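Dumped structure.txt below, it's compact mmCIF, C-alpha atoms and all ligand atoms:
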```txt
# COMPACT_ATOMS: atom_id res chain seq x y z
CA MET A 1 110.01 143.74 80.56
CA SER A 2 113.09 141.51 80.24
CA ALA A 3 112.98 137.92 81.45
CA ARG A 4 114.65 136.92 84.72
CA ARG A 5 117.69 134.74 83.92
CA THR A 6 118.69 131.70 85.92
CA ASP A 7 120.29 128.30 85.38
CA ILE A 8 117.39 126.21 86.70
CA ALA A 9 113.67 127.03 86.92
CA ILE A 10 111.86 124.61 89.23
CA ILE A 11 108.12 124.59 88.55
CA GLY A 12 106.09 123.33 91.52
CA GLY A 13 106.94 123.69 95.21
CA GLY A 14 105.46 120.45 96.56
CA LEU A 15 107.66 117.74 98.03
CA ALA A 16 109.72 117.15 94.87
CA GLY A 17 110.19 120.80 93.84
CA SER A 18 110.91 122.09 97.36
CA LEU A 19 113.42 119.30 97.94
CA ALA A 20 115.13 120.10 94.63
CA ALA A 21 115.29 123.82 95.51
CA ALA A 22 116.79 123.04 98.93
CA MET A 23 119.39 120.63 97.53
CA LEU A 24 120.39 122.75 94.53
CA GLY A 25 120.41 125.94 96.63
CA ARG A 26 122.63 124.32 99.25
CA ALA A 27 125.00 123.17 96.50
CA GLY A 28 125.29 126.80 95.36
CA SER A 29 123.34 126.38 92.11
CA ASP A 30 121.58 129.32 90.50
CA CYS A 31 117.89 128.34 90.61
CA VAL A 32 114.39 129.71 91.25
CA LEU A 33 111.30 127.99 92.68
CA ILE A 34 107.92 128.83 91.14
CA ASP A 35 104.64 127.95 92.89
CA PRO A 36 101.32 129.78 93.34
CA HIS A 37 101.25 129.11 97.13
CA GLU A 38 103.62 131.00 99.43
CA THR A 39 102.87 128.40 102.11
CA TYR A 40 101.99 124.89 101.00
CA PRO A 41 98.29 124.42 101.88
CA ASP A 42 96.77 121.52 103.85
CA ASP A 43 96.47 118.62 101.46
CA PHE A 44 95.69 114.94 101.96
CA ARG A 45 98.79 113.12 100.73
CA CYS A 46 101.53 111.10 102.35
CA GLU A 47 101.33 111.42 106.16
CA LYS A 48 104.19 109.27 107.37
CA LEU A 49 107.73 108.34 106.38
CA ASP A 50 108.97 104.80 106.93
CA GLY A 51 112.55 103.70 107.67
CA PRO A 52 113.72 103.28 104.05
CA GLN A 53 112.24 106.67 103.13
CA GLN A 54 114.10 108.28 106.04
CA ALA A 55 117.33 106.62 104.88
CA LEU A 56 116.81 108.19 101.45
CA LEU A 57 116.00 111.53 103.05
CA GLN A 58 119.38 111.34 104.82
CA LYS A 59 121.04 111.42 101.41
CA THR A 60 119.34 114.74 100.63
CA GLY A 61 120.68 116.37 103.81
CA LEU A 62 117.16 117.23 105.02
CA ALA A 63 116.38 114.32 107.33
CA ASP A 64 117.16 116.13 110.60
CA ALA A 65 114.85 119.05 109.86
CA VAL A 66 111.99 116.70 108.98
CA ALA A 67 112.61 114.51 112.04
CA ARG A 68 112.38 117.56 114.31
CA ALA A 69 108.93 118.43 112.90
CA ALA A 70 107.55 114.86 112.93
CA THR A 71 106.24 112.39 115.51
CA PRO A 72 108.07 109.05 115.90
CA ASP A 73 105.94 105.97 116.53
CA ARG A 74 108.32 104.11 118.95
CA THR A 75 106.69 100.69 118.44
CA CYS A 76 104.30 99.43 115.79
CA TRP A 77 101.89 96.58 116.41
CA VAL A 78 101.04 94.39 113.44
CA ALA A 79 97.72 92.55 113.50
CA ARG A 80 96.05 90.08 111.16
CA LEU A 81 92.75 88.23 111.45
CA GLY A 82 91.92 89.90 114.76
CA ARG A 83 95.22 89.04 116.45
CA VAL A 84 98.28 91.08 117.28
CA VAL A 85 101.03 89.01 115.71
CA GLU A 86 104.05 91.26 116.09
CA LYS A 87 105.25 94.33 117.96
CA ARG A 88 108.12 95.69 115.98
CA PRO A 89 110.41 98.58 116.85
CA GLY A 90 108.91 101.75 115.42
CA ASP A 91 110.58 103.30 112.39
CA GLN A 92 107.81 105.62 111.19
CA LEU A 93 107.66 109.41 111.41
CA GLY A 94 104.13 110.87 111.31
CA ILE A 95 103.75 114.31 109.72
CA PHE A 96 100.95 115.93 107.73
CA TYR A 97 101.86 116.74 104.13
CA GLY A 98 101.60 120.55 104.46
CA PRO A 99 104.03 120.70 107.42
CA LEU A 100 106.34 118.23 105.65
CA VAL A 101 106.60 120.39 102.53
CA ASN A 102 106.80 123.63 104.52
CA THR A 103 109.58 122.20 106.71
CA ILE A 104 111.58 121.43 103.58
CA ARG A 105 110.81 124.86 102.16
CA GLY A 106 112.22 126.30 105.39
CA GLU A 107 115.55 124.67 104.49
CA ILE A 108 115.83 126.39 101.08
CA PRO A 109 118.69 128.92 101.26
CA ARG A 110 117.73 132.59 101.06
CA HIS A 111 119.58 133.14 97.82
CA VAL A 112 117.03 130.92 96.00
CA PRO A 113 114.18 133.22 94.93
CA PHE A 114 110.62 131.98 95.50
CA ILE A 115 108.39 133.24 92.70
CA ARG A 116 104.78 133.20 93.79
CA ALA A 117 103.05 132.50 90.50
CA LYS A 118 101.59 129.85 88.31
CA ALA A 119 103.67 128.83 85.31
CA GLN A 120 101.41 129.20 82.28
CA THR A 121 103.47 127.95 79.34
CA ILE A 122 106.94 126.54 78.76
CA THR A 123 108.88 126.93 75.52
CA THR A 124 111.90 124.65 75.34
CA GLY A 125 115.05 124.41 73.22
CA VAL A 126 118.53 122.92 73.18
CA GLU A 127 120.10 126.01 74.79
CA ARG A 128 117.48 128.02 76.72
CA GLN A 129 113.95 127.58 78.06
CA THR A 130 111.28 130.22 78.61
CA VAL A 131 108.65 129.92 81.34
CA ALA A 132 105.75 132.39 80.99
CA LEU A 133 104.04 133.20 84.28
CA ALA A 134 100.31 133.79 84.73
CA GLY A 135 99.85 137.48 85.45
CA GLY A 136 102.92 138.44 83.40
CA GLY A 137 106.68 137.96 83.57
CA GLU A 138 109.03 135.36 82.17
CA ILE A 139 111.86 133.18 83.41
CA ASP A 140 114.72 132.39 81.04
CA ALA A 141 116.58 129.25 82.19
CA ARG A 142 119.04 126.65 80.95
CA LEU A 143 116.91 123.86 82.46
CA VAL A 144 113.32 123.47 83.64
CA VAL A 145 112.63 120.97 86.43
CA LEU A 146 108.93 120.15 86.15
CA ALA A 147 107.61 119.13 89.57
CA ASN A 148 103.98 120.18 89.19
CA GLY A 149 102.50 116.96 90.61
CA LEU A 150 99.08 115.84 89.39
CA SER A 151 98.40 119.11 87.55
CA VAL A 152 97.73 118.77 83.83
CA SER A 153 97.93 122.46 83.01
CA LEU A 154 101.41 122.50 81.39
CA ARG A 155 101.00 119.25 79.52
CA ASP A 156 99.89 120.80 76.23
CA SER A 157 102.67 123.36 75.92
CA LEU A 158 105.21 120.49 76.15
CA ALA A 159 103.14 117.98 74.10
CA LEU A 160 103.22 115.55 77.04
CA THR A 161 100.58 112.83 77.28
CA ARG A 162 99.46 110.80 80.26
CA GLU A 163 98.50 107.15 79.99
CA VAL A 164 96.26 106.01 82.82
CA VAL A 165 97.45 102.45 83.44
CA SER A 166 95.03 101.76 86.31
CA PRO A 167 92.06 104.09 86.83
CA CYS A 168 90.95 104.43 90.49
CA HIS A 169 93.62 101.88 91.41
CA SER A 170 92.93 102.44 95.11
CA VAL A 171 91.13 104.84 97.42
CA THR A 172 92.74 106.26 100.56
CA VAL A 173 90.65 107.29 103.57
CA GLY A 174 92.21 109.49 106.27
CA PHE A 175 90.88 110.57 109.66
CA THR A 176 92.08 111.31 113.20
CA ILE A 177 90.68 109.29 116.10
CA LYS A 178 90.53 109.47 119.88
CA PRO A 179 89.58 106.58 122.19
CA HIS A 180 86.31 106.29 124.06
CA GLY A 181 86.60 106.06 127.83
CA GLN A 182 90.38 106.25 128.15
CA ARG A 183 93.08 108.90 127.61
CA ALA A 184 95.16 107.04 125.08
CA PHE A 185 94.95 104.01 122.86
CA ASP A 186 96.69 100.86 124.09
CA PHE A 187 98.75 100.63 120.89
CA PRO A 188 101.48 103.18 120.06
CA ALA A 189 100.93 102.52 116.32
CA LEU A 190 99.17 99.71 114.51
CA THR A 191 98.99 98.12 111.06
CA TYR A 192 95.95 95.91 110.49
CA TYR A 193 95.58 93.88 107.30
CA ALA A 194 92.25 93.27 105.57
CA GLU A 195 90.48 90.14 106.73
CA ARG A 196 88.96 88.73 103.49
CA PRO A 197 89.54 89.34 99.75
CA SER A 198 85.83 90.14 99.39
CA ASP A 199 86.40 93.21 101.62
CA ARG A 200 88.32 94.78 98.70
CA ALA A 201 90.76 96.43 101.13
CA ALA A 202 94.52 96.28 101.71
CA LEU A 203 95.15 97.55 105.22
CA VAL A 204 94.57 100.29 107.74
CA THR A 205 97.42 101.98 109.59
CA PHE A 206 97.21 104.02 112.80
CA PHE A 207 100.14 106.24 113.74
CA PRO A 208 100.67 109.29 115.96
CA ILE A 209 100.95 112.82 114.60
CA GLY A 210 101.47 115.31 117.45
CA ALA A 211 98.97 114.38 120.18
CA GLY A 212 96.52 112.80 117.72
CA MET A 213 96.19 109.27 116.34
CA ARG A 214 95.88 109.33 112.56
CA ALA A 215 94.28 106.54 110.53
CA ASN A 216 94.98 105.80 106.84
CA LEU A 217 92.79 103.12 105.27
CA PHE A 218 93.49 101.79 101.76
CA VAL A 219 90.69 100.11 99.80
CA TYR A 220 90.15 98.86 96.25
CA ARG A 221 86.69 100.21 95.55
CA GLU A 222 85.01 102.67 93.24
CA PHE A 223 84.91 106.22 94.54
CA ASP A 224 81.09 106.12 94.79
CA ASP A 225 81.05 102.80 96.68
CA PRO A 226 78.31 102.79 99.39
CA LEU A 227 80.89 101.88 102.07
CA LEU A 228 82.87 105.02 101.29
CA ARG A 229 79.69 107.10 101.49
CA ARG A 230 79.04 105.62 104.95
CA PHE A 231 82.62 106.43 105.95
CA ARG A 232 81.92 110.14 105.55
CA LYS A 233 79.00 110.03 107.99
CA GLN A 234 79.76 107.14 110.37
CA PRO A 235 83.44 106.26 110.15
CA GLN A 236 83.55 104.03 113.22
CA SER A 237 80.69 101.77 112.15
CA ALA A 238 81.97 101.73 108.54
CA LEU A 239 85.46 100.67 109.70
CA PHE A 240 84.16 97.93 112.00
CA GLU A 241 81.75 96.74 109.31
CA LEU A 242 84.76 96.33 107.01
CA MET A 243 87.10 94.88 109.64
CA PRO A 244 84.97 93.46 112.50
CA ASN A 245 87.90 91.77 114.26
CA LEU A 246 89.70 95.09 114.58
CA ARG A 247 87.27 96.31 117.25
CA PRO A 248 88.63 94.21 120.18
CA ILE A 249 92.12 95.49 119.39
CA ILE A 250 91.51 99.23 119.16
CA GLY A 251 88.23 99.62 121.06
CA ASP A 252 85.58 102.24 120.33
CA PHE A 253 86.69 105.63 119.08
CA ALA A 254 85.46 109.03 117.98
CA VAL A 255 86.66 110.84 114.85
CA GLU A 256 88.11 114.26 115.59
CA ASP A 257 88.16 115.77 112.10
CA LYS A 258 86.61 115.54 108.64
CA VAL A 259 87.04 112.18 106.94
CA GLN A 260 89.16 112.64 103.80
CA ILE A 261 88.72 110.29 100.85
CA ARG A 262 91.02 110.35 97.80
CA PRO A 263 91.00 108.01 94.77
CA ILE A 264 94.25 107.51 92.89
CA ASP A 265 94.73 106.78 89.19
CA LEU A 266 98.05 105.21 88.28
CA TYR A 267 99.44 107.00 85.23
CA VAL A 268 102.69 107.28 83.33
CA THR A 269 103.82 110.15 81.12
CA HIS A 270 104.82 109.85 77.47
CA GLY A 271 106.75 112.33 75.34
CA HIS A 272 108.93 113.35 78.28
CA ARG A 273 112.26 112.75 76.58
CA GLN A 274 112.91 116.22 75.24
CA ALA A 275 115.53 118.95 75.40
CA GLY A 276 115.58 121.46 78.24
CA VAL A 277 113.02 119.96 80.62
CA VAL A 278 113.04 117.09 83.13
CA LEU A 279 110.03 115.66 85.02
CA VAL A 280 110.21 114.46 88.65
CA GLY A 281 107.77 113.03 91.24
CA ASP A 282 104.06 112.74 90.42
CA ALA A 283 104.57 114.92 87.33
CA PHE A 284 106.32 111.89 85.81
CA ALA A 285 104.23 109.02 87.22
CA THR A 286 101.95 108.35 90.18
CA SER A 287 102.18 105.56 92.75
CA CYS A 288 99.65 103.70 94.88
CA PRO A 289 99.36 105.12 98.43
CA ALA A 290 98.58 101.62 99.77
CA ALA A 291 102.02 100.52 98.56
CA GLY A 292 103.54 103.63 100.17
CA THR A 293 106.13 104.25 97.44
CA GLY A 294 105.31 107.81 96.31
CA VAL A 295 107.77 109.53 98.63
CA ARG A 296 110.47 106.98 97.83
CA LYS A 297 109.99 107.83 94.14
CA VAL A 298 110.15 111.58 94.81
CA LEU A 299 113.27 111.23 96.97
CA THR A 300 115.02 108.96 94.48
CA ASP A 301 114.19 111.24 91.53
CA VAL A 302 115.36 114.38 93.27
CA GLU A 303 118.46 112.88 94.86
CA ARG A 304 119.67 111.39 91.56
CA LEU A 305 118.82 114.51 89.59
CA CYS A 306 120.38 117.07 91.92
CA LYS A 307 123.47 115.14 93.00
CA GLU A 308 124.34 113.18 89.90
CA HIS A 309 122.85 114.62 86.74
CA ILE A 310 122.34 118.39 87.00
CA PRO A 311 125.95 119.15 88.04
CA ARG A 312 127.15 117.26 84.93
CA TRP A 313 124.61 118.86 82.64
CA LEU A 314 125.56 122.38 83.76
CA ALA A 315 129.27 121.69 83.30
CA THR A 316 129.02 121.63 79.48
CA PRO A 317 127.09 123.84 77.02
CA GLY A 318 123.60 122.92 75.85
CA MET A 319 120.71 120.99 77.37
CA GLY A 320 119.86 118.56 74.57
CA GLU A 321 117.65 115.51 74.74
CA ALA A 322 120.62 113.11 75.12
CA LYS A 323 121.68 114.83 78.34
CA ILE A 324 118.16 114.70 79.79
CA ALA A 325 117.79 111.03 78.79
CA ALA A 326 120.59 110.10 81.21
CA PHE A 327 118.20 110.86 84.10
CA TYR A 328 115.35 108.70 82.78
CA ASP A 329 117.86 105.92 82.02
CA ASP A 330 119.46 106.13 85.47
CA PRO A 331 119.39 102.53 86.77
CA VAL A 332 118.63 103.63 90.34
CA LYS A 333 115.61 105.65 89.17
CA GLN A 334 114.45 102.90 86.85
CA ALA A 335 114.69 100.29 89.64
CA CYS A 336 112.71 102.54 91.99
CA ASP A 337 109.96 103.19 89.40
CA ALA A 338 109.73 99.47 88.60
CA PHE A 339 109.56 98.58 92.31
CA SER A 340 106.79 101.13 92.86
CA ALA A 341 104.66 99.90 89.93
CA ASP A 342 105.23 96.25 90.79
CA LYS A 343 104.31 96.76 94.46
CA ALA A 344 101.13 98.64 93.54
CA PHE A 345 99.84 95.78 91.39
CA ARG A 346 101.18 92.98 93.58
CA LEU A 347 99.58 94.32 96.76
CA LYS A 348 96.25 94.73 95.00
CA ALA A 349 96.40 91.26 93.46
CA THR A 350 97.36 89.65 96.80
CA SER A 351 94.67 91.53 98.72
CA LEU A 352 91.95 90.51 96.24
CA ASP A 353 93.14 86.95 95.56
CA ALA A 354 90.28 84.67 96.65
CA THR A 355 91.87 81.45 95.36
CA LEU A 356 93.21 78.70 97.60
CA GLY A 357 96.74 79.84 96.70
CA GLY A 358 95.92 83.38 97.86
CA THR A 359 94.51 82.15 101.16
CA LEU A 360 97.60 80.00 101.71
CA ARG A 361 99.91 82.95 100.99
CA ARG A 362 98.08 85.15 103.51
CA ARG A 363 98.12 82.35 106.13
CA THR A 364 101.86 81.84 105.57
CA LYS A 365 102.48 85.56 106.10
CA PHE A 366 100.42 85.40 109.28
CA VAL A 367 102.46 82.48 110.66
CA LEU A 368 105.82 84.00 109.65
CA GLN A 369 104.92 87.35 111.17
CA ALA A 370 103.70 85.67 114.35
CA ALA A 371 106.96 83.69 114.59
CA ARG A 372 108.95 86.89 114.17
CA GLY A 373 106.75 88.50 116.81
CA LEU A 374 107.56 85.69 119.25
CA LEU A 375 111.29 86.07 118.62
CA ARG A 376 111.07 89.80 119.19
CA ARG A 377 108.95 89.64 122.31
CA PRO A 378 111.65 89.77 125.01
CA ARG A 379 113.47 92.65 123.30
CA THR A 380 110.51 94.94 122.68
CA ALA A 381 108.36 94.25 125.73
CA ASP A 382 109.53 97.44 127.42
CA GLU A 383 109.24 99.56 124.29
CA SER A 384 105.62 98.74 123.60
CA GLN A 385 104.15 101.16 126.15
CA PRO A 386 101.38 101.72 126.94
CA ALA A 387 100.74 98.18 128.10
CA ALA A 388 98.93 95.87 125.71
CA ARG A 389 95.24 95.29 126.32
CA LEU A 390 95.37 92.04 124.36
CA PRO A 391 97.87 89.19 124.68
CA VAL A 392 100.08 88.62 121.67
CA GLU A 393 98.89 85.40 120.04
CA ALA A 394 101.14 83.48 117.76
CA SER A 395 99.07 80.70 116.29
CA ALA A 396 96.37 80.78 113.62
C1 LIG A 401 95.80 110.40 99.63
C2 LIG A 401 97.26 110.12 99.34
C3 LIG A 401 98.01 109.40 100.26
C4 LIG A 401 99.35 109.12 100.00
N1 LIG A 401 100.04 108.38 100.90
C5 LIG A 401 101.33 108.07 100.66
C6 LIG A 401 102.07 107.30 101.60
O1 LIG A 401 101.57 106.87 102.63
N2 LIG A 401 103.39 107.05 101.31
C7 LIG A 401 103.97 107.50 100.17
O2 LIG A 401 105.16 107.26 99.96
N3 LIG A 401 103.30 108.25 99.26
C8 LIG A 401 101.99 108.54 99.49
N4 LIG A 401 101.29 109.30 98.57
C9 LIG A 401 101.99 109.82 97.37
C10 LIG A 401 102.83 111.09 97.67
O3 LIG A 401 102.12 111.94 98.54
C11 LIG A 401 103.12 111.80 96.35
O4 LIG A 401 103.80 110.91 95.49
C12 LIG A 401 103.99 113.06 96.54
O5 LIG A 401 103.37 113.92 97.44
C13 LIG A 401 104.21 113.77 95.20
O6 LIG A 401 104.91 114.98 95.40
P1 LIG A 401 105.14 116.01 94.19
O7 LIG A 401 106.07 117.04 94.68
O8 LIG A 401 105.48 115.26 92.96
O9 LIG A 401 103.71 116.66 93.91
P2 LIG A 401 102.92 117.77 94.78
O10 LIG A 401 103.28 117.68 96.21
O11 LIG A 401 101.49 117.62 94.38
O12 LIG A 401 103.48 119.16 94.27
C14 LIG A 401 103.07 119.76 93.09
C15 LIG A 401 103.27 121.25 93.24
O13 LIG A 401 103.17 121.85 91.94
C16 LIG A 401 102.51 123.09 92.07
N5 LIG A 401 101.99 123.43 90.75
C17 LIG A 401 101.06 122.79 90.01
N6 LIG A 401 100.88 123.41 88.84
C18 LIG A 401 101.73 124.46 88.83
C19 LIG A 401 102.03 125.51 87.87
N7 LIG A 401 101.40 125.58 86.70
N8 LIG A 401 102.97 126.42 88.18
C20 LIG A 401 103.64 126.37 89.37
N9 LIG A 401 103.39 125.42 90.29
C21 LIG A 401 102.46 124.49 90.02
C22 LIG A 401 101.44 122.82 93.14
O14 LIG A 401 101.02 124.05 93.72
C23 LIG A 401 102.24 121.95 94.11
O15 LIG A 401 102.90 122.74 95.07
C24 LIG A 401 99.95 109.59 98.80
C25 LIG A 401 99.20 110.32 97.89
C26 LIG A 401 97.87 110.60 98.14
C27 LIG A 401 97.06 111.41 97.15
```

Using C-alpha cells, write down the structure that the file contains.
Amino acid sequence: MSARRTDIAIIGGGLAGSLAAAMLGRAGSDCVLIDPHETYPDDFRCEKLDGPQQALLQKTGLADAVARAATPDRTCWVARLGRVVEKRPGDQLGIFYGPLVNTIRGEIPRHVPFIRAKAQTITTGVERQTVALAGGGEIDARLVVLANGLSVSLRDSLALTREVVSPCHSVTVGFTIKPHGQRAFDFPALTYYAERPSDRAALVTFFPIGAGMRANLFVYREFDDPLLRRFRKQPQSALFELMPNLRPIIGDFAVEDKVQIRPIDLYVTHGHRQAGVVLVGDAFATSCPAAGTGVRKVLTDVERLCKEHIPRWLATPGMGEAKIAAFYDDPVKQACDAFSADKAFRLKATSLDATLGGTLRRRTKFVLQAARGLLRRPRTADESQPAARLPVEASA
C-alpha cells in the first residue's frame, strides 16, 4: 500500500495539534491531523482562559468560536488572609478541556483529513518524513509537527530525551461545588491565596463553567500527601482545614462530581533540533498549572509556527535542521518559555517562603491589592452581582 502524501503531518489532536490543523487548514496548507480519538475525551487539564490567553487566541482566528462555547466570569473577587481585597472586572472564560479542544477541532476546515490512528514511529530526513501508523498505513510528509503532549511513545524513534527539571512540581485538584442552603454563591468568581507558607499551597480559584462553579486548587505537596488523600473523600473539610479563613467567604458547599487530582513534573526536551520535525506545546516542555502558562505556551508556539515559520519553510526546497532551528530560536517563543519557567519557580518560592522577607512581600501584595480594590470599588459595584455577603476590607 502506498503512503499518503501531504506537506504537513500533525501528530496529536489536543489543544496544540488541533489549533495548528485549524490555522494551517484555514491558510490553505496541505496537512493531515493524526490522533487516536475522534472526539477529544474528558481530561483534567486547563479549565479557564485568562485575558492575555484570549488576546493570543485572537491572533489564531479562533477566539470567537471558543468564547461562544465558554462561560465568562463577569467579576472576580480576590481574597487574601480571609478578606476580600479586590473585585476586579472578570476576564476569564471557563471551559472544560474536552469541549475546548473539540470546539477548536470543529473549526478545522473539511479539506484537512483527520486520521484516526496512533502514530507508531517517525523516520525523518532533510527532504521527506515517514510516519508509520499503528494498525498499518503510512504518511509521507515534508514536515512533521509533533504535538503529542505528555506521551513518551514516539521519543525513541526520534532519539528525543526528556529532562525532568522539577519532579512533582505542583499538584492540581479540581472539583465542582454547589452552595449549601442557597441557590448560588455570593461571589461570581474568586481567587483565594494560601494563608501560610507551611500550608504548602499557592491558591484556589473558583470560576463558573455552565451552571456549575468549578474549583482548581494548586498545592506543593507529594502526590501521596495525607491531605490529598482526605481531599478525595471529604473535599470540603480538607479545603477548610487547609484554608480555614476561606469558609466565611464561600460558606459551606457540596461537591457535585469526582475530585480530580493531578501531579505535574516540569520537564524540557533535548535532541529536538533535527531535520523534518518540530515540537510544540507539552511535547516540547511542560508548565506549572498554578502559574497558568501552559495555554499561553501552546498558543505562542502554534501562532509563531503556523503564521511565521511554516509558510517560509514550505516556500523553498528541503526541511533541514537550520530551517527548524528558526522556530526554537524565535525570540517571541523563547521569551514565552522563559516567562513560563520563571513564573513556575517564582510562584512556588514565594508561596513557600517562610522568611521575614517572604512575609513582608505577601503583606505588601495584600496592601497593594486592597488599595487597588478601593480604587475600583465605585466602578465595579454594579458588576459584582450577586451582592456581596462580606464587606470589602482594605486594611491588614
Ligand atoms: C491538571 C492540569 C491543569 C492545568 N491547568 C492549566 C491552567 O489553568 N492554565 C494553563 O494555561 N495551563 C494549564 N495546564 C496546562 C495545559 O493544559 C497544557 O499545557 C496543554 O493542554 C497542552 O496541550 P497539548 O496540545 O500540548 O497536549 P495534549 O492536549 O495533551 O494533546 C496531546 C494529543 O496527542 C495525542 N497523542 C499522543 N500520542 C499520540 C500518538 N502516538 N499518535 C497520535 N496522537 C497522539 C493525544 O491523544 C492528545 O490528543 C494544566 C495542565 C494540567 C495537567

Could you work out an axis-aligned bounding box for all listed atoms of region 63-76 of chain A, with 4 Å added on each of the six sides, and give its centre and edge lengths in Å to one decimal, as AutoDock Vina command-line options?
```
--center_x 110.7 --center_y 109.2 --center_z 113.1 --size_x 20.9 --size_y 27.6 --size_z 19.6
```

Find the nearest atom pair between each residue of chain A and ligand LIG 401 (chain A) for residues within 7 Å, count only C-alpha atoms and all ligand atoms, give distances in Å to one decimal, sort rows by chain and ascending number, and present the table as a Markdown table.
```
| residue | atom | partner | partner_atom | distance |
| --- | --- | --- | --- | --- |
| A:Ile11 | CA | A:LIG401 | C20 | 4.9 |
| A:Gly12 | CA | A:LIG401 | O13 | 3.3 |
| A:Gly13 | CA | A:LIG401 | O15 | 4.2 |
| A:Gly14 | CA | A:LIG401 | O12 | 3.3 |
| A:Leu15 | CA | A:LIG401 | O7 | 3.8 |
| A:Ala16 | CA | A:LIG401 | O7 | 3.7 |
| A:Gly17 | CA | A:LIG401 | O7 | 5.6 |
| A:Ile34 | CA | A:LIG401 | C20 | 5.2 |
| A:Asp35 | CA | A:LIG401 | N9 | 3.8 |
| A:Pro36 | CA | A:LIG401 | N9 | 5.7 |
| A:His37 | CA | A:LIG401 | O14 | 6.1 |
| A:Tyr40 | CA | A:LIG401 | O15 | 6.4 |
| A:Phe44 | CA | A:LIG401 | C1 | 5.1 |
| A:Arg45 | CA | A:LIG401 | C2 | 3.6 |
| A:Cys46 | CA | A:LIG401 | N1 | 3.4 |
| A:Glu47 | CA | A:LIG401 | O1 | 5.8 |
| A:Lys48 | CA | A:LIG401 | O1 | 5.9 |
| A:Leu49 | CA | A:LIG401 | N2 | 6.8 |
| A:Ala117 | CA | A:LIG401 | C20 | 6.3 |
| A:Lys118 | CA | A:LIG401 | N8 | 3.7 |
| A:Ala119 | CA | A:LIG401 | N8 | 3.8 |
| A:Gln120 | CA | A:LIG401 | N7 | 5.7 |
| A:Ala147 | CA | A:LIG401 | O8 | 5.6 |
| A:Asn148 | CA | A:LIG401 | O13 | 3.3 |
| A:Gly149 | CA | A:LIG401 | O9 | 3.5 |
| A:Leu150 | CA | A:LIG401 | O11 | 5.8 |
| A:Ser151 | CA | A:LIG401 | N6 | 5.1 |
| A:Ser153 | CA | A:LIG401 | N7 | 5.9 |
| A:Leu154 | CA | A:LIG401 | N7 | 6.1 |
| A:Thr172 | CA | A:LIG401 | C1 | 5.2 |
| A:Arg262 | CA | A:LIG401 | C1 | 5.1 |
| A:Ile264 | CA | A:LIG401 | C27 | 6.4 |
| A:Val280 | CA | A:LIG401 | O8 | 6.4 |
| A:Gly281 | CA | A:LIG401 | O8 | 3.6 |
| A:Asp282 | CA | A:LIG401 | O8 | 3.8 |
| A:Ala283 | CA | A:LIG401 | O8 | 5.7 |
| A:Thr286 | CA | A:LIG401 | O4 | 6.2 |
| A:Ser287 | CA | A:LIG401 | O4 | 6.2 |
| A:Cys288 | CA | A:LIG401 | N4 | 6.9 |
| A:Pro289 | CA | A:LIG401 | N1 | 4.1 |
| A:Ala290 | CA | A:LIG401 | O1 | 6.7 |
| A:Gly292 | CA | A:LIG401 | N2 | 3.6 |
| A:Thr293 | CA | A:LIG401 | O2 | 4.0 |
| A:Gly294 | CA | A:LIG401 | O4 | 3.5 |
| A:Val295 | CA | A:LIG401 | O2 | 3.7 |
| A:Arg296 | CA | A:LIG401 | O2 | 5.7 |
| A:Val298 | CA | A:LIG401 | O8 | 6.2 |
```

Hey, what's within 9 Å of Ala371 (chain A) if we count all atoms listed in the file and toss same-chain stuff fewer than 2 positions away? As an mmCIF file with C-alpha atoms, keeping the file's coordinate frame, please?
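As written to disk, out_4.cif reads:
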```cif
data_model
loop_
_atom_site.group_PDB
_atom_site.id
_atom_site.type_symbol
_atom_site.label_atom_id
_atom_site.label_comp_id
_atom_site.auth_asym_id
_atom_site.auth_seq_id
_atom_site.Cartn_x
_atom_site.Cartn_y
_atom_site.Cartn_z
ATOM 1 C CA VAL A 85 101.030 89.010 115.710
ATOM 2 C CA GLU A 86 104.050 91.260 116.090
ATOM 3 C CA PHE A 366 100.420 85.400 109.280
ATOM 4 C CA VAL A 367 102.460 82.480 110.660
ATOM 5 C CA LEU A 368 105.820 84.000 109.650
ATOM 6 C CA GLN A 369 104.920 87.350 111.170
ATOM 7 C CA GLY A 373 106.750 88.500 116.810
ATOM 8 C CA LEU A 374 107.560 85.690 119.250
ATOM 9 C CA LEU A 375 111.290 86.070 118.620
ATOM 10 C CA ARG A 376 111.070 89.800 119.190
ATOM 11 C CA ALA A 394 101.140 83.480 117.760
ATOM 12 C CA SER A 395 99.070 80.700 116.290
#
```

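The spacing separating CA of Asp199 (chain A) from CA of Asn245 (chain A) amounts to 12.8 Å.
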
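Across A:Pro263, A:Pro113, A:Gly106, A:Gly135, the tightest approach to Val171 (chain A) is made by A:Pro263 when counting all atoms listed in the file.
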
Contacts of region 271-278 of chain A within 8 Å, all atoms listed in the file, excl. fewer than 2 positions in-chain, as JSON, numbers by chain: {"A": [124, 125, 126, 127, 128, 129, 142, 143, 144, 145, 146, 159, 160, 161, 269, 280, 319, 320, 321, 322, 323, 324, 325]}

Straight-line distance linking CA of Lys258 (chain A) with CA of Ala291 (chain A), stated in Å to one decimal: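 Separation of CA of Lys258 (chain A) and CA of Ala291 (chain A): 23.8 Å.
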
Contacts of region 50-57 of chain A at 10 Å (all atoms listed in the file; same-chain gap of 4+ positions) as a PyMOL selection string: chain A and resi 19+61-64+66-67+72+90-94+292-300+303

Distance query region 1-8 of chain A at most 7 Å, all atoms listed in the file, self and fewer than 2 positions along chain excluded, as a VMD selection string: chain A and resid 10 30 to 32 137 to 144

CA of Leu203 (chain A) to CA of Val219 (chain A), distance in Å rounded to a single decimal: 7.5 Å

Residue neighbourhood Leu347 (chain A), 9 Å, all atoms listed in the file, exclusion window fewer than 4 positions, as a list in words: Ala202, Ala290, Ala291, Asp342, Lys343, Ser351 and Leu352 of chain A

For Arg74 (chain A), the nearest of the candidates A:Ala370, A:Ser170, A:Pro188, A:Phe240, counting all atoms listed in the file: A:Pro188

Minimum-distance residue to Ala189 (chain A), chosen among A:Ile209, A:Ile261, A:Ile250, A:Cys76 (using all atoms listed in the file): A:Cys76

Counting only C-alpha atoms, the residue of A:Val78, A:Ala22, A:Val152, A:Ala238 that sits nearest Lys365 (chain A): A:Val78
